[in-house]
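The data block below is final30.pdb; it holds PDB, C-alpha atoms, pLDDT in the B column.
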```
ATOM      1  CA  MET A 208     -52.044  29.006 -70.545  1.00 63.00           C
ATOM      2  CA  SER A 209     -52.090  25.308 -70.587  1.00 72.00           C
ATOM      3  CA  LYS A 210     -52.573  23.188 -67.558  1.00 73.00           C
ATOM      4  CA  LYS A 211     -49.006  21.885 -67.774  1.00 73.00           C
ATOM      5  CA  LYS A 212     -47.554  25.397 -67.870  1.00 72.00           C
ATOM      6  CA  LYS A 213     -49.702  26.450 -64.894  1.00 73.00           C
ATOM      7  CA  ILE A 214     -48.340  23.539 -62.812  1.00 75.00           C
ATOM      8  CA  ILE A 215     -44.742  24.409 -63.758  1.00 73.00           C
ATOM      9  CA  ALA A 216     -45.310  28.103 -62.910  1.00 69.00           C
ATOM     10  CA  VAL A 217     -46.898  27.295 -59.534  1.00 66.00           C
ATOM     11  CA  THR A 218     -44.105  24.818 -58.750  1.00 75.00           C
ATOM     12  CA  ALA A 219     -41.475  27.421 -59.676  1.00 68.00           C
ATOM     13  CA  ILE A 220     -43.135  30.046 -57.439  1.00 74.00           C
ATOM     14  CA  LEU A 221     -43.381  27.598 -54.506  1.00 70.00           C
ATOM     15  CA  LEU A 222     -39.750  26.553 -55.008  1.00 66.00           C
ATOM     16  CA  ALA A 223     -38.658  30.220 -55.032  1.00 66.00           C
ATOM     17  CA  ILE A 224     -40.582  30.884 -51.790  1.00 68.00           C
ATOM     18  CA  PHE A 225     -39.061  27.760 -50.183  1.00 61.00           C
ATOM     19  CA  VAL A 226     -35.487  28.693 -51.200  1.00 61.00           C
ATOM     20  CA  SER A 227     -35.925  32.288 -49.968  1.00 64.00           C
ATOM     21  CA  PHE A 228     -37.282  30.944 -46.659  1.00 60.00           C
ATOM     22  CA  LEU A 229     -34.210  28.711 -46.185  1.00 58.00           C
ATOM     23  CA  GLY A 230     -31.855  31.502 -47.203  1.00 58.00           C
ATOM     24  CA  GLY A 231     -33.541  33.914 -44.821  1.00 55.00           C
ATOM     25  CA  LYS A 232     -33.191  31.433 -41.947  1.00 53.00           C
ATOM     26  CA  THR A 233     -29.506  30.934 -42.614  1.00 51.00           C
ATOM     27  CA  PHE A 234     -28.694  34.618 -42.408  1.00 52.00           C
ATOM     28  CA  SER A 235     -31.097  35.476 -39.573  1.00 53.00           C
ATOM     29  CA  LYS A 236     -29.052  34.238 -36.583  1.00 62.00           C
ATOM     30  CA  TYR A 237     -25.596  34.766 -35.130  1.00 61.00           C
ATOM     31  CA  VAL A 238     -23.417  31.765 -34.426  1.00 65.00           C
ATOM     32  CA  THR A 239     -20.189  31.846 -32.413  1.00 60.00           C
ATOM     33  CA  GLU A 240     -18.089  28.792 -31.850  1.00 72.00           C
ATOM     34  CA  VAL A 241     -15.532  28.801 -28.993  1.00 68.00           C
ATOM     35  CA  ASN A 242     -13.072  25.925 -28.765  1.00 70.00           C
ATOM     36  CA  GLY A 243     -11.329  24.815 -25.595  1.00 65.00           C
ATOM     37  CA  VAL A 244      -9.010  22.011 -24.536  1.00 69.00           C
ATOM     38  CA  GLY A 245      -9.537  19.794 -21.502  1.00 69.00           C
ATOM     39  CA  ASN A 246      -6.591  18.306 -19.672  1.00 61.00           C
ATOM     40  CA  ALA A 247      -5.592  17.063 -16.235  1.00 67.00           C
ATOM     41  CA  GLU A 248      -2.275  16.082 -14.768  1.00 63.00           C
ATOM     42  CA  ILE A 249      -2.327  12.592 -13.308  1.00 66.00           C
ATOM     43  CA  ALA A 250      -1.136  12.267  -9.712  1.00 61.00           C
ATOM     44  CA  SER A 251       1.980  10.151  -9.476  1.00 64.00           C
ATOM     45  CA  TRP A 252       2.137   6.945  -7.423  1.00 67.00           C
ATOM     46  CA  ASN A 253       5.249   5.692  -5.694  1.00 69.00           C
ATOM     47  CA  PHE A 254       5.390   3.109  -2.913  1.00 72.00           C
ATOM     48  CA  LYS A 255       8.446   1.195  -1.736  1.00 74.00           C
ATOM     49  CA  VAL A 256       9.251  -1.060   1.179  1.00 79.00           C
ATOM     50  CA  ASN A 257      12.886  -1.349   2.247  1.00 75.00           C
ATOM     51  CA  GLU A 258      13.959   0.429  -0.973  1.00 70.00           C
ATOM     52  CA  ASN A 259      12.132  -2.129  -3.176  1.00 70.00           C
ATOM     53  CA  GLU A 260       8.811  -2.080  -4.967  1.00 69.00           C
ATOM     54  CA  GLU A 261       8.341  -5.743  -4.116  1.00 60.00           C
ATOM     55  CA  GLU A 262       5.772  -6.409  -1.449  1.00 53.00           C
ATOM     56  CA  ILE A 263       7.132  -9.527   0.257  1.00 62.00           C
ATOM     57  CA  GLN A 264      10.225  -9.336   2.428  1.00 67.00           C
ATOM     58  CA  THR A 265      11.669 -12.299   4.321  1.00 71.00           C
ATOM     59  CA  ILE A 266      13.229 -11.244   7.608  1.00 74.00           C
ATOM     60  CA  LYS A 267      16.014 -13.387   9.055  1.00 73.00           C
ATOM     61  CA  LEU A 268      16.378 -12.665  12.772  1.00 76.00           C
ATOM     62  CA  ALA A 269      19.912 -14.072  12.818  1.00 70.00           C
ATOM     63  CA  SER A 270      21.007 -11.248  10.532  1.00 71.00           C
ATOM     64  CA  THR A 271      19.660  -8.647  12.973  1.00 72.00           C
ATOM     65  CA  ILE A 272      21.979  -9.496  15.889  1.00 72.00           C
ATOM     66  CA  ASN A 273      25.635  -8.831  16.503  1.00 59.00           C
ATOM     67  CA  ASN A 274      26.708 -11.521  18.873  1.00 65.00           C
ATOM     68  CA  GLU A 275      29.990 -13.377  18.396  1.00 59.00           C
ATOM     69  CA  THR A 276      29.151 -16.059  20.937  1.00 55.00           C
ATOM     70  CA  LEU A 277      26.818 -17.865  18.561  1.00 64.00           C
ATOM     71  CA  VAL A 278      27.853 -20.344  15.900  1.00 59.00           C
ATOM     72  CA  ASN A 279      26.856 -19.474  12.333  1.00 66.00           C
ATOM     73  CA  ASN A 280      24.679 -16.539  13.468  1.00 67.00           C
ATOM     74  CA  LYS A 281      21.931 -18.720  14.902  1.00 77.00           C
ATOM     75  CA  ILE A 282      19.552 -17.408  17.538  1.00 81.00           C
ATOM     76  CA  ALA A 283      19.280 -18.998  20.973  1.00 84.00           C
ATOM     77  CA  PRO A 284      18.094 -18.079  24.475  1.00 86.00           C
ATOM     78  CA  GLY A 285      19.897 -14.918  25.566  1.00 84.00           C
ATOM     79  CA  THR A 286      19.889 -13.278  22.108  1.00 83.00           C
ATOM     80  CA  ASN A 287      18.002 -10.239  20.932  1.00 85.00           C
ATOM     81  CA  GLY A 288      17.961  -7.818  18.043  1.00 85.00           C
ATOM     82  CA  SER A 289      15.799  -5.560  15.952  1.00 87.00           C
ATOM     83  CA  PHE A 290      14.835  -4.900  12.364  1.00 86.00           C
ATOM     84  CA  THR A 291      13.212  -1.975  10.604  1.00 87.00           C
ATOM     85  CA  ILE A 292      10.587  -1.975   7.884  1.00 87.00           C
ATOM     86  CA  LYS A 293      10.961   1.232   5.885  1.00 88.00           C
ATOM     87  CA  VAL A 294       7.757   2.333   4.152  1.00 88.00           C
ATOM     88  CA  ASP A 295       8.462   5.033   1.566  1.00 88.00           C
ATOM     89  CA  GLY A 296       5.861   7.117  -0.286  1.00 87.00           C
ATOM     90  CA  THR A 297       8.331   9.757  -1.512  1.00 87.00           C
ATOM     91  CA  GLY A 298       7.286  11.042  -4.919  1.00 86.00           C
ATOM     92  CA  SER A 299       3.643  10.058  -4.539  1.00 85.00           C
ATOM     93  CA  ASP A 300       1.100  12.849  -5.068  1.00 87.00           C
ATOM     94  CA  VAL A 301      -1.663  10.958  -3.269  1.00 87.00           C
ATOM     95  CA  GLY A 302      -2.057   9.689   0.283  1.00 89.00           C
ATOM     96  CA  ILE A 303      -1.115   6.079   0.982  1.00 88.00           C
ATOM     97  CA  ASN A 304      -2.872   3.745   3.384  1.00 89.00           C
ATOM     98  CA  TYR A 305      -0.358   0.991   4.130  1.00 89.00           C
ATOM     99  CA  THR A 306      -1.080  -2.294   5.857  1.00 89.00           C
ATOM    100  CA  VAL A 307       1.417  -4.710   7.345  1.00 88.00           C
ATOM    101  CA  ASN A 308       0.629  -8.422   7.304  1.00 87.00           C
ATOM    102  CA  VAL A 309       2.627 -11.469   8.351  1.00 86.00           C
ATOM    103  CA  GLN A 310       2.275 -14.798   6.582  1.00 84.00           C
ATOM    104  CA  ASN A 311       3.945 -18.199   6.617  1.00 83.00           C
ATOM    105  CA  GLU A 312       5.208 -17.923  10.195  1.00 83.00           C
ATOM    106  CA  THR A 313       6.649 -21.319  11.074  1.00 83.00           C
ATOM    107  CA  GLN A 314       8.518 -22.871  14.003  1.00 85.00           C
ATOM    108  CA  LYS A 315       8.567 -19.881  16.375  1.00 87.00           C
ATOM    109  CA  PRO A 316      10.358 -20.503  19.678  1.00 91.00           C
ATOM    110  CA  GLN A 317       7.661 -20.220  22.336  1.00 90.00           C
ATOM    111  CA  ASN A 318       9.567 -17.789  24.583  1.00 92.00           C
ATOM    112  CA  LEU A 319      10.680 -15.421  21.805  1.00 91.00           C
ATOM    113  CA  ILE A 320       8.836 -12.104  22.129  1.00 92.00           C
ATOM    114  CA  TYR A 321       8.531  -8.900  20.093  1.00 93.00           C
ATOM    115  CA  THR A 322       8.310  -5.252  21.115  1.00 94.00           C
ATOM    116  CA  TYR A 323       6.884  -2.435  19.006  1.00 94.00           C
ATOM    117  CA  ASN A 324       6.143   1.104  20.216  1.00 93.00           C
ATOM    118  CA  GLY A 325       6.723   0.054  23.829  1.00 93.00           C
ATOM    119  CA  LYS A 326       4.179  -2.789  23.665  1.00 95.00           C
ATOM    120  CA  THR A 327       5.145  -6.467  23.961  1.00 95.00           C
ATOM    121  CA  TYR A 328       3.760  -9.125  21.635  1.00 94.00           C
ATOM    122  CA  ASN A 329       4.041 -12.917  21.827  1.00 91.00           C
ATOM    123  CA  ASN A 330       3.694 -13.247  18.069  1.00 88.00           C
ATOM    124  CA  ILE A 331       4.935 -11.145  15.122  1.00 87.00           C
ATOM    125  CA  SER A 332       1.525 -11.288  13.423  1.00 86.00           C
ATOM    126  CA  GLU A 333      -0.015  -9.434  16.401  1.00 89.00           C
ATOM    127  CA  ILE A 334       2.096  -6.368  15.536  1.00 89.00           C
ATOM    128  CA  ALA A 335       0.665  -6.082  12.018  1.00 83.00           C
ATOM    129  CA  LYS A 336      -2.474  -4.135  12.973  1.00 83.00           C
ATOM    130  CA  ASP A 337      -0.584  -1.654  15.152  1.00 91.00           C
ATOM    131  CA  ALA A 338       2.191  -1.165  12.567  1.00 92.00           C
ATOM    132  CA  SER A 339      -0.200  -0.239   9.734  1.00 91.00           C
ATOM    133  CA  GLY A 340      -0.814   3.443   9.048  1.00 91.00           C
ATOM    134  CA  ILE A 341      -1.290   6.336   6.633  1.00 91.00           C
ATOM    135  CA  ILE A 342       1.122   8.574   4.752  1.00 90.00           C
ATOM    136  CA  ASN A 343      -0.825  11.730   3.916  1.00 89.00           C
ATOM    137  CA  ALA A 344      -0.458  13.380   0.509  1.00 87.00           C
ATOM    138  CA  ASN A 345       0.752  16.647   2.088  1.00 89.00           C
ATOM    139  CA  ASP A 346       3.172  15.105   4.610  1.00 89.00           C
ATOM    140  CA  GLU A 347       6.631  16.648   4.353  1.00 90.00           C
ATOM    141  CA  ASN A 348       8.287  13.362   5.308  1.00 91.00           C
ATOM    142  CA  LYS A 349       6.735  10.441   3.446  1.00 89.00           C
ATOM    143  CA  VAL A 350       9.024   7.808   4.944  1.00 90.00           C
ATOM    144  CA  LYS A 351       7.783   5.752   7.900  1.00 90.00           C
ATOM    145  CA  GLU A 352      10.114   3.431   9.773  1.00 90.00           C
ATOM    146  CA  ILE A 353       8.586   0.538  11.685  1.00 90.00           C
ATOM    147  CA  LYS A 354      11.225  -0.657  14.168  1.00 91.00           C
ATOM    148  CA  ILE A 355      10.509  -4.051  15.717  1.00 90.00           C
ATOM    149  CA  ASP A 356      12.627  -5.420  18.556  1.00 91.00           C
ATOM    150  CA  TRP A 357      12.786  -9.107  19.396  1.00 88.00           C
ATOM    151  CA  SER A 358      14.284 -11.019  22.298  1.00 89.00           C
ATOM    152  CA  TRP A 359      14.648 -14.578  23.440  1.00 87.00           C
ATOM    153  CA  ASN A 360      15.519 -14.188  27.097  1.00 86.00           C
ATOM    154  CA  TYR A 361      18.086 -16.437  28.723  1.00 85.00           C
ATOM    155  CA  GLU A 362      15.579 -17.227  31.472  1.00 86.00           C
ATOM    156  CA  THR A 363      11.898 -16.476  31.091  1.00 85.00           C
ATOM    157  CA  GLY A 364       9.556 -16.099  34.029  1.00 84.00           C
ATOM    158  CA  SER A 365       9.318 -14.315  37.350  1.00 87.00           C
ATOM    159  CA  THR A 366       9.257 -17.333  39.691  1.00 89.00           C
ATOM    160  CA  GLU A 367      11.660 -20.237  39.936  1.00 91.00           C
ATOM    161  CA  LYS A 368       8.890 -22.622  38.852  1.00 92.00           C
ATOM    162  CA  GLU A 369       8.173 -20.553  35.698  1.00 89.00           C
ATOM    163  CA  LYS A 370      11.896 -20.351  34.882  1.00 86.00           C
ATOM    164  CA  ILE A 371      12.305 -24.145  35.154  1.00 89.00           C
ATOM    165  CA  ALA A 372       9.258 -24.755  32.932  1.00 90.00           C
ATOM    166  CA  ASN A 373      10.445 -22.204  30.347  1.00 85.00           C
ATOM    167  CA  ASN A 374      13.991 -23.628  30.359  1.00 88.00           C
ATOM    168  CA  LYS A 375      12.485 -27.018  29.494  1.00 89.00           C
ATOM    169  CA  GLN A 376      10.460 -25.395  26.703  1.00 89.00           C
ATOM    170  CA  ASP A 377      13.589 -23.653  25.339  1.00 87.00           C
ATOM    171  CA  THR A 378      15.385 -27.004  25.277  1.00 87.00           C
ATOM    172  CA  ILE A 379      12.476 -28.665  23.448  1.00 87.00           C
ATOM    173  CA  ASP A 380      12.421 -25.791  20.919  1.00 86.00           C
ATOM    174  CA  ALA A 381      16.196 -26.101  20.374  1.00 84.00           C
ATOM    175  CA  LYS A 382      15.797 -29.802  19.575  1.00 83.00           C
ATOM    176  CA  THR A 383      12.743 -29.528  17.314  1.00 84.00           C
ATOM    177  CA  ILE A 384      12.989 -26.141  15.566  1.00 81.00           C
ATOM    178  CA  THR A 385      15.418 -25.898  12.689  1.00 78.00           C
ATOM    179  CA  ASP A 386      14.312 -22.744  10.894  1.00 79.00           C
ATOM    180  CA  TYR A 387      12.004 -20.046  12.255  1.00 82.00           C
ATOM    181  CA  SER A 388      10.820 -17.829   9.423  1.00 81.00           C
ATOM    182  CA  PHE A 389       8.012 -15.532   8.335  1.00 84.00           C
ATOM    183  CA  ASP A 390       7.129 -13.268   5.434  1.00 84.00           C
ATOM    184  CA  ILE A 391       6.144  -9.643   5.920  1.00 85.00           C
ATOM    185  CA  ILE A 392       3.771  -8.199   3.335  1.00 86.00           C
ATOM    186  CA  VAL A 393       3.323  -4.435   3.223  1.00 87.00           C
ATOM    187  CA  THR A 394       0.600  -3.224   0.883  1.00 87.00           C
ATOM    188  CA  GLY A 395       0.027   0.403  -0.112  1.00 88.00           C
ATOM    189  CA  ILE A 396      -3.398   1.569  -1.280  1.00 87.00           C
ATOM    190  CA  GLN A 397      -4.318   5.064  -2.400  1.00 88.00           C
ATOM    191  CA  VAL A 398      -6.301   7.013   0.198  1.00 86.00           C
ATOM    192  CA  ILE A 399      -9.707   8.022  -1.202  1.00 83.00           C
ATOM    193  CA  PRO A 400      -9.629  11.808  -1.702  1.00 77.00           C
ATOM    194  CA  ASN A 401     -12.219  13.793   0.269  1.00 72.00           C
ATOM    195  CA  ALA A 402     -14.950  15.492  -1.721  1.00 50.00           C
TER     196      ALA A 402
END
```
Mind turning the file's structure into structure tokens?
Amino acid sequence: MSKKKKIIAVTAILLAIFVSFLGGKTFSKYVTEVNGVGNAEIASWNFKVNENEEEIQTIKLASTINNETLVNNKIAPGTNGSFTIKVDGTGSDVGINYTVNVQNETQKPQNLIYTYNGKTYNNISEIAKDASGIINANDENKVKEIKIDWSWNYETGSTEKEKIANNKQDTIDAKTITDYSFDIIVTGIQVIPNA
């Protein structure tokens, strides 16, 4: 046998051994493939303030009183009223941490006061921290009503001296204040779920 034929024969034998080795490996193990599908429902988010999804509400105190003795529904000493901020998380599958903030408060009469939850405040922005809260994901009622009362007493003070000084201040406010206003911003943020 020639040298060339010997090389071809050896190569053919080695190739046959290699192919049988690969074929034996292919048929020597069991393989099972199981397919699955991953999915997750996304929790819904719903947050409204006074029936709107807008965050900024301008409150006009004159629209919160029912007093026919005033001209053009303007406030003055001796008037009072209330307004409600309705925070609504109905339809939300997650807890909501809501914060109340007051911005752009201008020209407040000095003797006008606010009451919330039985506590008196000299300024509407002071109420913000106490009015903020949480609506839990599993709460049956996801509507919170924040009722704020306001009053501008006819005479303010407990002594005659205080009443005289406050009457002067009310008169100054009536001459210099044309439009008392403020914006209330209520922001809802998802509560971080516990691990």
Practice task
Name the residues that the PyMOL selection byres ((chain A and resi 333) around 12) picks from the file above, as a list in words, using the file's chain letters and numbers.
Solution key: Val307, Asn308, Val309, Gln310, Glu312, Ile320, Tyr321, Thr322, Tyr323, Lys326, Thr327, Tyr328, Asn329, Asn330, Ile331, Ser332, Ile334, Ala335, Lys336, Asp337, Ala338, Ser339 and Ile355 of chain A
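Put simply, CA of Val393 (chain A) is 11.1 Å away from CA of Ile353 (chain A).
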Practice task
Please indicate the distance in Å from CA of Glu369 (chain A) to CA of Gln317 (chain A), rounded to one decimal place.
Solution key: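 CA of Gln317 (chain A) lies at a distance of 13.4 Å from CA of Glu369 (chain A).
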Exercise for the section: Kindly indicate which residue among A:Ile215, A:Leu221, A:Val294, A:Ile342 lies nearest to Ile392 (chain A), using all atoms listed in the file for the distances. Expected result: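 Answer, going by the shortest atom-to-atom distance: A:Val294.
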Handout entry: Near-Ala283 (chain A) list (9 Å; only C-alpha atoms; drop same-chain fewer than 5 positions) as a list in words
Key =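 The neighbour list is Leu277, Trp359, Asn360, Tyr361, Asp377 and Ala381 of chain A.
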Exercise for the section: Quick one: pull the distance between CA of Asn311 (chain A) and CA of Asn374 (chain A), Å, one decimal. Expected result: 26.3 Å
Problem - Chain and number of each residue from the PyMOL selection byres ((chain A and resi 344) around 9), as JSON, numbers by chain - result: {"A": [296, 299, 300, 301, 302, 303, 342, 343, 345, 346, 347, 349, 398]}
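Between Thr385 (chain A) and the residues A:Lys370, A:Lys351, A:Lys315, A:Lys210, the shortest atom-to-atom distance, using only C-alpha atoms, involves A:Lys315.
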For this file, the PyMOL selection byres ((chain A and resi 256) around 6) selects which residues, as a PDB file with C-alpha atoms, in the frame of the given file?
```
ATOM      1  CA  LYS A 255       8.446   1.195  -1.736  1.00 74.00           C
ATOM      2  CA  ASN A 257      12.886  -1.349   2.247  1.00 75.00           C
ATOM      3  CA  GLU A 258      13.959   0.429  -0.973  1.00 70.00           C
ATOM      4  CA  ASN A 259      12.132  -2.129  -3.176  1.00 70.00           C
ATOM      5  CA  LYS A 293      10.961   1.232   5.885  1.00 88.00           C
ATOM      6  CA  VAL A 294       7.757   2.333   4.152  1.00 88.00           C
TER       7      VAL A 294
END
```
